[in-house]
>>> print(open('coords.txt').read())   # compact mmCIF, C-alpha atoms
# COMPACT_ATOMS: atom_id res chain seq x y z
CA MET P 12 4.86 13.98 14.54
CA SER P 13 4.60 11.43 11.73
CA THR P 14 4.31 13.18 8.39
CA SER P 15 2.03 10.56 6.87
CA PRO P 16 -0.14 7.81 8.29
CA ARG P 17 0.34 4.17 7.41
CA PRO P 18 -2.19 3.15 4.72
CA LEU P 19 -5.07 1.13 6.13
CA VAL P 20 -5.28 -1.10 3.05
CA ALA P 21 -1.70 -2.33 3.04
CA ARG P 22 0.21 -5.50 2.27
CA PRO P 23 1.18 -7.68 5.25
CA THR P 24 4.12 -6.35 7.29
CA ARG P 25 5.70 -9.85 7.59
CA THR P 26 5.94 -9.56 11.36
CA VAL P 27 6.05 -13.32 12.01
CA PRO P 28 8.94 -14.20 9.65
CA ALA P 29 10.82 -11.05 10.72
CA THR P 30 10.41 -11.98 14.40
CA LEU P 31 11.58 -15.55 13.72
CA LEU P 32 14.56 -14.21 11.78
CA ALA P 33 15.40 -11.80 14.62
CA LEU P 34 15.24 -14.61 17.19
CA ALA P 35 17.39 -16.87 14.99
CA LEU P 36 19.99 -14.10 14.51
CA LEU P 37 20.01 -13.38 18.22
CA THR P 38 20.40 -17.05 19.18
CA ALA P 39 23.01 -17.94 16.57
CA GLY P 40 24.95 -14.71 17.08
CA GLY P 41 24.88 -15.07 20.87
CA LEU P 42 26.06 -18.68 20.75
CA ALA P 43 28.79 -17.79 18.27
CA LEU P 44 29.98 -14.85 20.40
CA TRP P 45 30.10 -17.08 23.50
CA ALA P 46 32.04 -19.83 21.69
CA LEU P 47 34.42 -17.45 19.93
CA GLY P 48 34.96 -15.46 23.12
CA ALA P 49 35.96 -18.62 24.95
CA LEU P 50 38.26 -19.60 22.08
CA LEU P 51 39.95 -16.20 22.13
CA LEU P 52 40.32 -16.09 25.91
CA THR P 53 41.23 -19.69 26.73
CA GLY P 54 42.50 -20.99 23.42
CA SER P 55 39.91 -23.79 23.28
CA TRP P 56 36.18 -24.16 22.59
CA PRO P 57 33.82 -24.20 25.60
CA ALA P 58 33.47 -27.70 27.13
CA PRO P 59 29.94 -28.46 25.78
CA LEU P 60 31.08 -27.59 22.23
CA GLN P 61 34.40 -29.42 22.15
CA GLU P 62 33.06 -32.72 20.85
CA PRO P 63 30.73 -31.25 18.19
CA MET P 64 33.47 -28.88 17.02
CA ALA P 65 35.93 -31.76 16.79
CA ARG P 66 33.46 -33.72 14.64
CA LEU P 67 32.84 -30.63 12.50
CA GLY P 68 36.58 -30.02 12.15
CA ALA P 69 37.13 -33.57 10.92
CA LEU P 70 34.80 -33.03 7.95
CA ARG P 71 36.45 -32.65 4.57
CA LEU P 72 35.47 -29.76 2.33
CA ALA P 73 34.04 -32.13 -0.29
CA ASP P 74 31.90 -34.08 2.22
CA ARG P 75 28.22 -34.63 1.55
CA ALA P 76 27.43 -33.10 4.93
CA LEU P 77 28.66 -29.72 3.67
CA LEU P 78 26.63 -30.16 0.50
CA ALA P 79 23.57 -30.86 2.65
CA ALA P 80 24.31 -27.73 4.72
CA ALA P 81 24.61 -25.74 1.49
CA ALA P 82 21.25 -27.10 0.31
CA GLY P 83 19.71 -26.12 3.67
CA CYS P 84 21.11 -22.59 3.35
CA ALA P 85 19.81 -22.34 -0.22
CA VAL P 86 16.30 -23.43 0.80
CA LEU P 87 16.32 -21.00 3.74
CA GLY P 88 17.52 -18.19 1.45
CA ILE P 89 14.78 -18.86 -1.08
CA VAL P 90 12.10 -19.00 1.65
CA LEU P 91 13.31 -15.68 3.08
CA LEU P 92 13.41 -14.06 -0.36
CA VAL P 93 9.90 -15.29 -1.16
CA ALA P 94 8.65 -13.91 2.19
CA ALA P 95 10.30 -10.58 1.39
CA LEU P 96 9.27 -10.23 -2.24
CA ARG P 97 5.82 -11.86 -2.36
CA PRO P 98 3.37 -8.99 -1.89
CA GLY P 99 0.80 -10.94 0.14
CA ARG P 100 -2.89 -10.23 0.54
CA PRO P 101 -4.13 -7.10 2.32
CA ARG P 102 -6.30 -7.95 5.33
CA THR P 103 -8.66 -5.08 4.69
CA ARG P 104 -10.77 -3.74 1.82
CA ALA P 105 -11.40 -0.09 0.96
CA VAL P 106 -15.11 0.65 1.36
CA LEU P 107 -17.64 3.49 1.73
CA GLY P 108 -15.85 6.14 -0.31
CA ASP P 109 -17.24 9.64 0.25
CA ALA P 110 -16.36 13.32 -0.16
CA VAL P 111 -14.08 13.41 2.89
CA PRO P 112 -10.47 12.72 1.79
CA GLY P 113 -9.01 9.49 3.13
CA THR P 114 -9.84 5.80 3.24
CA THR P 115 -12.36 3.69 5.06
CA ALA P 116 -11.23 0.09 5.43
CA LEU P 117 -13.07 -3.02 6.52
CA PRO P 118 -11.24 -6.23 7.44
CA HIS P 119 -12.10 -9.16 5.14
CA ARG P 120 -12.82 -11.20 8.26
CA ASP P 121 -15.58 -8.81 9.33
CA LEU P 122 -17.15 -8.88 5.87
CA GLU P 123 -17.08 -12.70 5.95
CA ARG P 124 -18.81 -12.73 9.33
CA ARG P 125 -21.47 -10.28 8.15
CA LEU P 126 -22.07 -12.33 5.00
CA ARG P 127 -22.40 -15.54 7.03
CA ALA P 128 -24.85 -13.90 9.43
CA ARG P 129 -26.99 -12.54 6.57
CA LEU P 130 -26.93 -15.72 4.49
CA GLU P 131 -27.93 -17.91 7.42
CA GLN P 132 -31.14 -15.87 7.60
CA VAL P 133 -32.03 -16.72 3.98
CA ASP P 134 -34.96 -19.14 3.73
CA GLY P 135 -33.70 -22.67 3.09
CA VAL P 136 -30.08 -22.02 4.08
CA ARG P 137 -28.87 -24.25 6.86
CA SER P 138 -25.34 -22.86 7.14
CA ALA P 139 -23.06 -20.59 5.15
CA ARG P 140 -19.35 -20.08 4.64
CA ALA P 141 -17.69 -17.03 3.14
CA ALA P 142 -14.10 -16.34 2.11
CA ALA P 143 -13.39 -12.76 1.09
CA GLY P 144 -10.29 -11.77 -0.87
CA PRO P 145 -9.26 -8.55 -2.59
CA ARG P 146 -10.85 -9.58 -5.90
CA THR P 147 -13.24 -12.41 -5.14
CA VAL P 148 -15.74 -13.33 -2.47
CA ARG P 149 -16.54 -17.06 -2.40
CA ILE P 150 -19.67 -18.17 -0.64
CA THR P 151 -20.94 -21.68 -0.02
CA VAL P 152 -24.39 -22.22 1.42
CA SER P 153 -25.68 -25.60 2.49
CA THR P 154 -29.33 -26.56 2.34
CA VAL P 155 -31.42 -29.62 3.06
CA LEU P 156 -33.84 -28.83 0.22
CA GLU P 157 -33.91 -31.06 -2.86
CA ASP P 158 -34.11 -28.15 -5.26
CA THR P 159 -31.13 -25.90 -4.59
CA ALA P 160 -31.84 -23.39 -7.38
CA PRO P 161 -34.23 -21.09 -5.42
CA VAL P 162 -31.92 -21.17 -2.40
CA LEU P 163 -28.95 -20.34 -4.60
CA ALA P 164 -30.79 -17.41 -6.20
CA ALA P 165 -31.90 -16.05 -2.80
CA ALA P 166 -28.38 -16.48 -1.36
CA ARG P 167 -26.90 -14.66 -4.36
CA ARG P 168 -29.32 -11.75 -3.89
CA ALA P 169 -28.52 -11.58 -0.16
CA ALA P 170 -24.76 -11.70 -0.81
CA HIS P 171 -24.89 -8.95 -3.45
CA GLY P 172 -27.11 -6.85 -1.17
CA THR P 173 -24.76 -7.23 1.81
CA ILE P 174 -21.73 -6.30 -0.26
CA ALA P 175 -23.54 -3.36 -1.84
CA GLU P 176 -24.27 -1.99 1.64
CA ILE P 177 -20.58 -1.50 2.35
CA ARG P 178 -20.00 0.11 -1.07
CA PRO P 179 -16.60 -1.45 -1.87
CA VAL P 180 -14.26 0.87 -3.76
CA HIS P 181 -13.41 -2.04 -6.10
CA ASP P 182 -16.35 -4.38 -6.64
CA PRO P 183 -15.34 -7.99 -5.95
CA ARG P 184 -16.53 -10.97 -7.99
CA VAL P 185 -19.10 -12.79 -5.92
CA LEU P 186 -19.19 -16.56 -6.43
CA VAL P 187 -22.04 -18.35 -4.67
CA ARG P 188 -22.35 -22.12 -4.51
CA ALA P 189 -25.15 -24.19 -2.98
CA ARG P 190 -24.51 -27.60 -1.47
CA ARG P 191 -27.19 -30.07 -0.47
CA THR P 192 -26.73 -31.70 2.90
CA SER P 193 -28.79 -34.43 4.47
CA MET D 19 -3.13 3.80 16.03
CA ARG D 20 0.19 1.99 16.12
CA SER D 21 2.12 0.71 13.12
CA ILE D 22 4.98 -1.59 12.16
CA SER D 23 7.25 -0.88 9.20
CA GLY D 24 6.56 -3.53 6.57
CA ALA D 25 9.28 -2.14 4.27
CA ARG D 26 11.92 -2.57 6.98
CA ASN D 27 10.85 -6.16 7.67
CA ARG D 28 10.87 -7.04 3.99
CA THR D 29 14.31 -5.45 3.50
CA ALA D 30 15.69 -7.43 6.46
CA LEU D 31 14.19 -10.65 5.12
CA ALA D 32 15.60 -10.01 1.62
CA LEU D 33 19.09 -9.25 2.98
CA ALA D 34 19.02 -12.39 5.15
CA GLY D 35 17.84 -14.41 2.15
CA LEU D 36 20.71 -13.12 0.00
CA ALA D 37 23.17 -13.84 2.84
CA ALA D 38 21.86 -17.41 3.15
CA LEU D 39 22.17 -17.95 -0.62
CA THR D 40 25.73 -16.58 -0.55
CA ALA D 41 26.57 -18.97 2.30
CA ALA D 42 25.07 -21.82 0.27
CA VAL D 43 27.29 -20.98 -2.73
CA LEU D 44 30.41 -20.76 -0.52
CA LEU D 45 29.64 -24.09 1.16
CA ALA D 46 28.86 -25.82 -2.12
CA ALA D 47 31.79 -24.36 -4.09
CA VAL D 48 34.21 -27.20 -3.26
CA PRO D 49 31.84 -30.21 -3.18
CA LEU D 50 30.28 -29.16 -6.51
CA ASP D 51 33.70 -28.31 -7.97
CA LEU D 52 32.65 -24.85 -9.10
CA GLY D 53 36.30 -24.22 -10.01
CA ALA D 54 35.80 -26.42 -13.08
CA ALA D 55 32.86 -24.32 -14.26
CA TRP D 56 34.57 -21.00 -13.49
CA PRO D 57 38.36 -21.35 -13.96
CA GLN D 58 38.87 -17.86 -12.48
CA LEU D 59 37.56 -19.24 -9.17
CA ALA D 60 39.82 -22.29 -9.14
CA PRO D 61 42.93 -20.68 -7.55
CA ALA D 62 40.84 -19.37 -4.64
CA LEU D 63 39.24 -22.74 -3.82
CA PRO D 64 40.94 -25.09 -1.33
CA GLU D 65 41.64 -28.77 -2.08
CA PRO D 66 38.50 -30.96 -1.75
CA GLY D 67 40.29 -33.31 0.65
CA THR D 68 41.21 -30.53 3.11
CA GLU D 69 39.76 -30.97 6.60
CA LEU D 70 37.68 -28.08 7.94
CA ALA D 71 39.86 -27.81 11.08
CA ARG D 72 43.02 -27.63 8.98
CA PHE D 73 41.45 -25.05 6.65
CA ALA D 74 40.33 -22.93 9.64
CA GLN D 75 43.78 -23.20 11.24
CA ALA D 76 45.48 -22.09 8.01
CA HIS D 77 43.24 -19.00 7.75
CA ARG D 78 42.90 -18.37 11.49
CA THR D 79 44.17 -14.78 11.37
CA GLY D 80 41.45 -13.73 8.95
CA LEU D 81 38.62 -16.10 9.85
CA LEU D 82 38.52 -15.53 13.61
CA PRO D 83 38.06 -11.72 13.56
CA ALA D 84 35.61 -12.06 10.67
CA ALA D 85 33.58 -14.63 12.63
CA VAL D 86 33.54 -12.41 15.74
CA VAL D 87 32.42 -9.40 13.69
CA LEU D 88 29.71 -11.45 11.93
CA ALA D 89 28.44 -12.84 15.26
CA ALA D 90 28.33 -9.35 16.80
CA LEU D 91 26.54 -8.00 13.72
CA GLY D 92 24.06 -10.90 13.93
CA VAL D 93 23.25 -10.11 17.57
CA ALA D 94 22.93 -6.37 16.85
CA ALA D 95 20.72 -7.00 13.81
CA GLY D 96 18.59 -9.47 15.80
CA ILE D 97 18.03 -6.98 18.62
CA ALA D 98 17.25 -4.15 16.19
CA LEU D 99 14.83 -6.29 14.18
CA LEU D 100 13.12 -7.60 17.31
CA ARG D 101 12.73 -4.06 18.67
CA SER D 102 11.27 -2.87 15.38
CA GLN D 103 8.44 -5.42 15.79
CA ILE D 104 7.11 -3.36 18.70
CA PRO D 105 4.56 -1.12 17.01
CA THR D 106 5.22 2.61 17.11
CA ARG D 107 2.51 5.21 17.42
CA PRO D 108 2.51 8.72 15.99
CA ASP D 109 4.63 11.20 17.88
CA ALA D 110 2.60 13.22 20.34
CA THR D 111 4.63 16.35 21.05
CA ARG D 112 2.85 19.45 22.23
CA ARG D 113 1.38 21.46 19.34
CA ARG D 114 1.63 25.23 19.32
CA VAL D 115 -0.84 27.50 17.62
CA LEU D 116 0.87 30.70 16.44
CA ASP D 117 -0.51 33.86 14.94
CA GLU D 118 0.84 35.52 11.81
CA ASP D 119 3.68 37.18 13.75
CA GLY D 120 4.73 33.90 15.27
CA THR D 121 3.29 34.79 18.70
CA LEU D 122 2.15 31.79 20.70
CA LEU D 123 -1.62 31.81 20.98
CA ALA D 124 -2.08 28.44 22.64
CA SER D 125 -0.56 25.04 22.95
CA PHE D 126 -2.07 21.62 23.50
CA ARG D 127 -1.22 17.97 23.44
CA PRO D 128 -2.74 15.97 20.57
CA GLN D 129 -4.09 13.47 23.11
CA VAL D 130 -6.45 16.12 24.45
CA LEU D 131 -8.00 16.65 21.04
CA GLU D 132 -7.91 12.89 20.36
CA ARG D 133 -9.87 12.20 23.56
CA ALA D 134 -12.45 14.84 22.72
CA LEU D 135 -12.85 13.49 19.19
CA THR D 136 -13.10 9.90 20.48
CA GLU D 137 -15.91 10.84 22.84
CA GLN D 138 -17.79 12.64 20.08
CA VAL D 139 -17.41 9.75 17.63
CA GLU D 140 -18.58 7.27 20.28
CA ALA D 141 -21.73 9.37 20.67
CA GLU D 142 -22.63 8.86 16.97
CA PRO D 143 -25.54 6.47 16.33
CA GLY D 144 -24.38 2.91 15.65
CA VAL D 145 -20.82 3.50 16.92
CA ARG D 146 -19.87 1.21 19.81
CA SER D 147 -16.26 2.20 20.36
CA ALA D 148 -13.61 4.42 18.84
CA VAL D 149 -9.97 5.34 19.04
CA VAL D 150 -8.84 8.49 17.23
CA ARG D 151 -5.26 9.48 16.45
CA LEU D 152 -4.18 12.87 15.15
CA GLY D 153 -0.94 13.47 13.26
CA GLY D 154 0.77 15.74 10.75
CA PRO D 155 1.37 19.50 10.88
CA LEU D 156 -1.44 21.72 12.17
CA SER D 157 -1.79 23.24 8.70
CA ALA D 158 -2.53 19.81 7.18
CA PRO D 159 -3.42 17.36 9.95
CA TRP D 160 -4.38 13.75 9.36
CA ILE D 161 -6.62 11.49 11.37
CA GLN D 162 -6.63 7.72 11.74
CA ALA D 163 -9.47 6.20 13.67
CA SER D 164 -10.56 2.69 14.61
CA ILE D 165 -14.31 2.59 14.92
CA GLY D 166 -16.31 -0.35 16.22
CA VAL D 167 -19.78 -0.43 14.66
CA ALA D 168 -22.65 -2.65 15.76
CA GLU D 169 -23.22 -5.37 13.18
CA ASP D 170 -26.93 -4.63 13.03
CA ALA D 171 -26.38 -0.87 12.60
CA GLU D 172 -26.51 1.11 9.37
CA ILE D 173 -22.78 0.87 8.72
CA ALA D 174 -22.67 3.33 5.85
CA ALA D 175 -24.56 5.98 7.81
CA ALA D 176 -22.54 5.43 11.00
CA ILE D 177 -19.20 5.66 9.23
CA ALA D 178 -20.19 8.59 7.01
CA GLY D 179 -21.41 10.41 10.12
CA ALA D 180 -18.21 9.68 12.04
CA ARG D 181 -15.93 10.75 9.17
CA ALA D 182 -17.87 13.95 8.56
CA LEU D 183 -17.80 14.72 12.28
CA LEU D 184 -14.04 14.15 12.50
CA ALA D 185 -13.35 16.38 9.49
CA ARG D 186 -15.70 19.10 10.76
CA GLU D 187 -14.36 19.14 14.32
CA VAL D 188 -10.72 19.24 13.23
CA ARG D 189 -11.51 22.09 10.85
CA THR D 190 -13.28 23.98 13.64
CA VAL D 191 -10.50 23.47 16.20
CA LEU D 192 -7.39 23.80 14.05
CA GLY D 193 -8.74 26.04 11.31
CA ALA D 194 -7.46 23.71 8.59
CA ASP D 195 -9.12 20.93 6.65
CA PRO D 196 -7.68 17.54 7.51
CA ASP D 197 -5.39 16.15 4.84
CA ARG D 198 -7.08 12.77 5.22
CA VAL D 199 -9.47 10.99 7.54
CA ASP D 200 -8.76 7.24 7.57
CA VAL D 201 -11.17 4.95 9.35
CA LEU D 202 -10.70 1.27 10.13
CA VAL D 203 -14.12 -0.25 10.71
CA ALA D 204 -14.63 -3.19 13.05
CA LEU D 205 -18.04 -4.83 12.89
CA ARG D 206 -19.11 -5.98 16.32
CA THR D 207 -21.56 -8.73 17.08
CA ALA D 208 -24.13 -8.43 19.84
CA ALA D 209 -22.03 -10.82 21.97
CA ALA D 210 -18.98 -8.59 21.63
CA ARG D 211 -20.82 -5.41 22.51
CA GLY D 212 -19.35 -5.21 25.96
CA ARG D 213 -15.82 -5.49 24.63
CA ARG D 214 -13.76 -3.34 22.32
CA PRO D 215 -12.15 -4.91 19.24
CA ALA D 216 -8.64 -6.21 19.95
CA HIS D 217 -6.85 -3.57 17.87
CA VAL D 218 -8.98 -0.79 19.38
CA GLU D 219 -8.16 -2.07 22.88
CA ALA D 220 -4.45 -2.31 22.03
CA ALA D 221 -4.35 1.23 20.68
CA ARG D 222 -6.33 2.55 23.66
CA SER D 223 -4.24 0.84 26.34
CA ALA D 224 -0.94 1.67 24.65
CA PRO D 225 1.41 3.96 26.55
CA SER D 226 1.57 7.50 25.21
CA GLY D 227 5.02 7.05 23.66
CA PRO D 228 8.26 8.82 24.40
CA ALA D 229 7.32 12.34 23.33
CA PRO D 230 5.28 13.51 26.32
CA ALA D 231 7.93 12.25 28.74
CA ALA D 232 10.51 14.32 26.86
CA ASP D 233 8.37 17.41 27.36
CA PRO D 234 7.97 17.80 31.11
CA GLU D 235 6.58 21.35 30.88
CA PRO D 236 3.08 21.41 32.46
CA ASP D 237 0.27 21.88 29.99
CA PRO D 238 -0.78 25.53 30.28
CA ASP D 239 -3.81 24.99 28.08
CA PRO D 240 -5.30 21.54 28.44
CA ALA D 241 -8.20 22.34 26.14
CA PRO D 242 -7.84 22.27 22.36
CA ALA D 243 -6.96 25.68 20.97
CA PRO D 244 -10.28 27.21 19.96
CA ALA D 245 -9.00 29.96 17.70
CA PRO D 246 -7.79 29.00 14.26
CA ALA D 247 -4.79 31.05 13.17
CA ALA D 248 -3.42 31.71 9.74
CA GLY D 249 0.14 31.10 10.90
CA ALA D 250 -0.65 27.91 12.79
CA GLY D 251 2.11 25.35 12.68
CA ALA D 252 3.70 22.58 14.63
CA ALA D 253 6.59 23.64 16.85
>>> encode(input="coords.txt", output="structure tokens")
Amino acid sequence: MSTSPRPLVARPTRTVPATLLALALLTAGGLALWALGALLLTGSWPAPLQEPMARLGALRLADRALLAAAAGCAVLGIVLLVAALRPGRPRTRAVLGDAVPGTTALPHRDLERRLRARLEQVDGVRSARAAAGPRTVRITVSTVLEDTAPVLAAARRAAHGTIAEIRPVHDPRVLVRARRTS
Amino acid sequence: MRSISGARNRTALALAGLAALTAAVLLAAVPLDLGAAWPQLAPALPEPGTELARFAQAHRTGLLPAAVVLAALGVAAGIALLRSQIPTRPDATRRRVLDEDGTLLASFRPQVLERALTEQVEAEPGVRSAVVRLGGPLSAPWIQASIGVAEDAEIAAAIAGARALLAREVRTVLGADPDRVDVLVALRTAAARGRRPAHVEAARSAPSGPAPAADPEPDPDPAPAPAPAAGAGAA
């Protein structure tokens, strides 16, 4: 039995880059094993690789092609290191703390949808967009009214009310913007 | 609830990144004439005009086995990394409730208690769907649950009710307070009411994992052990 559960508010697990890396390793390693196996058994490269290997073998160590390959490897290495070391943004937010030990988490996406649904019910709001992050929630409402100030104030109240309902453990900054559309 | 190891993925990515950077330095050592910058390196570097085929032929005895080993390692690492992307769920071995003398009072599979808890949570007002997982030793169990709540429901009340219920029921059944009760909330729109959230569905339809198959003994006590015991522990 697992001794501890995985935290619900966690950094991304980097599944996509890890899967791509695994597939690349599998493909390159498999091809190399096939080619090297043929070389060891028959003394020559497999037929489909003979021409490319001959071209590769004719390259000199100071050729620009090798420099370009080195640059490619360097870029790939930096991308992989950034993917590994950059913490990334958690997809969930800790909410609704209570006396029971443990965490309650709500996906940012669900909060955004709830905010949109609530804001689109505000008088004067034609449509709403919300982008929730760990520290900031950005909201843009569009209205056809000339005077956007009352709509903005009402949207701000609705946004703060909606966020207060889920009692976030760390209060986010709520930035509301009103845009006039025709 | 299933999980993937983020630390393992990040370690693999970092190692691959370092390997790619090392390859870049090795490839660029001759074209960039690194021997001039580091005279200690100069004797190890081949002549810039050397052809790759000639260089490989000259070092064939060392390069060929090294290339075979690297290729085999690449395939093994690729398979291992790909397999680790399949989410794992908590182990579900049979739990045994013992008394103070170590006598077996009862045993049960966690799934039995998980199912009972799921049904109770789903009966809470505002809760549309739930998946409950139980882990940890019986003396300090933990719970992770995915709970789908109707978007128009009182979320705070629904979740507080569900968490309190989970903590209370586990305390009643196992005789120990849960170490933690983690709940992942999924807000569900009216249109989605007939469906479970994707992660809830995935967790629900997931196979039970390897543990039950490794324990073919028939379950003598399919119901959760009702009597809390001071010496309760996982066997």
>>> closest_residue(input="coords.txt", among="D:Pro49, D:Pro64, D:Pro159, D:Gly24", to="Ala81 of chain P", atoms="only C-alpha atoms")
D:Pro49
>>> atom_distance(input="coords.txt", atom1="atom CA of Ala29 of chain P", atom2="atom CA of Asn27 of chain D")
5.8 Å
>>> residues_around(input="coords.txt", residues="Thr173 of chain P", least_positions_apart="5", cutoff="8 Å", atoms="only C-alpha atoms", output="PyMOL selection string")
chain P and resi 125-126+129
>>> closest_residue(input="coords.txt", among="D:Ala71, D:Asp117, D:Ala47, D:Ala30", to="chain P", atoms="all atoms listed in the file")
D:Ala71
>>> residues_around(input="coords.txt", residues="segment 162-174 of chain D", least_positions_apart="2", cutoff="9 Å", atoms="all atoms listed in the file", output="VMD selection string")
(chain P and resid 16 to 17 19 107 125 176 to 178) or (chain D and resid 19 136 139 to 140 143 to 153 160 176 to 180 198 to 208 211 214 to 215 217 to 218 221)
>>> closest_atom_pairs(input="coords.txt", of="chain D", to="chain P", cutoff="7 Å", atoms="only C-alpha atoms", output="JSON lines")
{"residue": "D:Ser21", "atom": "CA", "partner": "P:Arg17", "partner_atom": "CA", "distance": 6.9}
{"residue": "D:Ile22", "atom": "CA", "partner": "P:Thr24", "partner_atom": "CA", "distance": 6.9}
{"residue": "D:Ser23", "atom": "CA", "partner": "P:Thr24", "partner_atom": "CA", "distance": 6.6}
{"residue": "D:Gly24", "atom": "CA", "partner": "P:Thr24", "partner_atom": "CA", "distance": 3.8}
{"residue": "D:Asn27", "atom": "CA", "partner": "P:Ala29", "partner_atom": "CA", "distance": 5.8}
{"residue": "D:Arg28", "atom": "CA", "partner": "P:Ala95", "partner_atom": "CA", "distance": 4.4}
{"residue": "D:Thr29", "atom": "CA", "partner": "P:Ala95", "partner_atom": "CA", "distance": 6.8}
{"residue": "D:Leu31", "atom": "CA", "partner": "P:Ala95", "partner_atom": "CA", "distance": 5.4}
{"residue": "D:Ala32", "atom": "CA", "partner": "P:Leu92", "partner_atom": "CA", "distance": 5.0}
{"residue": "D:Ala34", "atom": "CA", "partner": "P:Leu91", "partner_atom": "CA", "distance": 6.9}
{"residue": "D:Gly35", "atom": "CA", "partner": "P:Gly88", "partner_atom": "CA", "distance": 3.9}
{"residue": "D:Leu36", "atom": "CA", "partner": "P:Gly88", "partner_atom": "CA", "distance": 6.2}
{"residue": "D:Ala38", "atom": "CA", "partner": "P:Gly88", "partner_atom": "CA", "distance": 4.7}
{"residue": "D:Leu39", "atom": "CA", "partner": "P:Ala85", "partner_atom": "CA", "distance": 5.0}
{"residue": "D:Ala41", "atom": "CA", "partner": "P:Cys84", "partner_atom": "CA", "distance": 6.6}
{"residue": "D:Ala42", "atom": "CA", "partner": "P:Ala81", "partner_atom": "CA", "distance": 4.1}
{"residue": "D:Val43", "atom": "CA", "partner": "P:Ala81", "partner_atom": "CA", "distance": 6.9}
{"residue": "D:Leu45", "atom": "CA", "partner": "P:Ala81", "partner_atom": "CA", "distance": 5.3}
{"residue": "D:Ala46", "atom": "CA", "partner": "P:Leu78", "partner_atom": "CA", "distance": 5.5}
{"residue": "D:Val48", "atom": "CA", "partner": "P:Ala73", "partner_atom": "CA", "distance": 5.8}
{"residue": "D:Pro49", "atom": "CA", "partner": "P:Ala73", "partner_atom": "CA", "distance": 4.1}
{"residue": "D:Pro66", "atom": "CA", "partner": "P:Ala73", "partner_atom": "CA", "distance": 4.8}
{"residue": "D:Gly67", "atom": "CA", "partner": "P:Arg71", "partner_atom": "CA", "distance": 5.5}
{"residue": "D:Thr68", "atom": "CA", "partner": "P:Arg71", "partner_atom": "CA", "distance": 5.4}
{"residue": "D:Glu69", "atom": "CA", "partner": "P:Arg71", "partner_atom": "CA", "distance": 4.2}
{"residue": "D:Leu70", "atom": "CA", "partner": "P:Gly68", "partner_atom": "CA", "distance": 4.8}
{"residue": "D:Ala71", "atom": "CA", "partner": "P:Gly68", "partner_atom": "CA", "distance": 4.1}
{"residue": "D:Val86", "atom": "CA", "partner": "P:Leu44", "partner_atom": "CA", "distance": 6.4}
{"residue": "D:Ala89", "atom": "CA", "partner": "P:Gly40", "partner_atom": "CA", "distance": 4.4}
{"residue": "D:Ala90", "atom": "CA", "partner": "P:Gly40", "partner_atom": "CA", "distance": 6.3}
{"residue": "D:Gly92", "atom": "CA", "partner": "P:Gly40", "partner_atom": "CA", "distance": 5.0}
{"residue": "D:Val93", "atom": "CA", "partner": "P:Leu37", "partner_atom": "CA", "distance": 4.6}
{"residue": "D:Gly96", "atom": "CA", "partner": "P:Ala33", "partner_atom": "CA", "distance": 4.1}
{"residue": "D:Ile97", "atom": "CA", "partner": "P:Leu37", "partner_atom": "CA", "distance": 6.7}
{"residue": "D:Leu99", "atom": "CA", "partner": "P:Ala33", "partner_atom": "CA", "distance": 5.6}
{"residue": "D:Leu100", "atom": "CA", "partner": "P:Ala33", "partner_atom": "CA", "distance": 5.5}
{"residue": "D:Gln103", "atom": "CA", "partner": "P:Thr26", "partner_atom": "CA", "distance": 6.6}
{"residue": "D:Pro108", "atom": "CA", "partner": "P:Ser13", "partner_atom": "CA", "distance": 5.5}
{"residue": "D:Asp109", "atom": "CA", "partner": "P:Met12", "partner_atom": "CA", "distance": 4.4}
{"residue": "D:Ala110", "atom": "CA", "partner": "P:Met12", "partner_atom": "CA", "distance": 6.3}
{"residue": "D:Thr111", "atom": "CA", "partner": "P:Met12", "partner_atom": "CA", "distance": 6.9}
{"residue": "D:Gly153", "atom": "CA", "partner": "P:Met12", "partner_atom": "CA", "distance": 6.0}
{"residue": "D:Gly154", "atom": "CA", "partner": "P:Thr14", "partner_atom": "CA", "distance": 5.0}
{"residue": "D:Ala174", "atom": "CA", "partner": "P:Ile177", "partner_atom": "CA", "distance": 6.3}
{"residue": "D:Ala182", "atom": "CA", "partner": "P:Val111", "partner_atom": "CA", "distance": 6.8}
{"residue": "D:Asp197", "atom": "CA", "partner": "P:Pro112", "partner_atom": "CA", "distance": 6.8}
{"residue": "D:Arg198", "atom": "CA", "partner": "P:Gly113", "partner_atom": "CA", "distance": 4.3}
{"residue": "D:Val199", "atom": "CA", "partner": "P:Gly113", "partner_atom": "CA", "distance": 4.7}
{"residue": "D:Asp200", "atom": "CA", "partner": "P:Thr114", "partner_atom": "CA", "distance": 4.7}
{"residue": "D:Val201", "atom": "CA", "partner": "P:Thr115", "partner_atom": "CA", "distance": 4.6}
{"residue": "D:Leu202", "atom": "CA", "partner": "P:Ala116", "partner_atom": "CA", "distance": 4.9}
{"residue": "D:Val203", "atom": "CA", "partner": "P:Leu117", "partner_atom": "CA", "distance": 5.1}
{"residue": "D:Ala204", "atom": "CA", "partner": "P:Leu117", "partner_atom": "CA", "distance": 6.7}
{"residue": "D:Leu205", "atom": "CA", "partner": "P:Asp121", "partner_atom": "CA", "distance": 5.9}
>>> atom_distance(input="coords.txt", atom1="atom CA of Val152 of chain P", atom2="atom CA of Arg137 of chain P")
7.3 Å
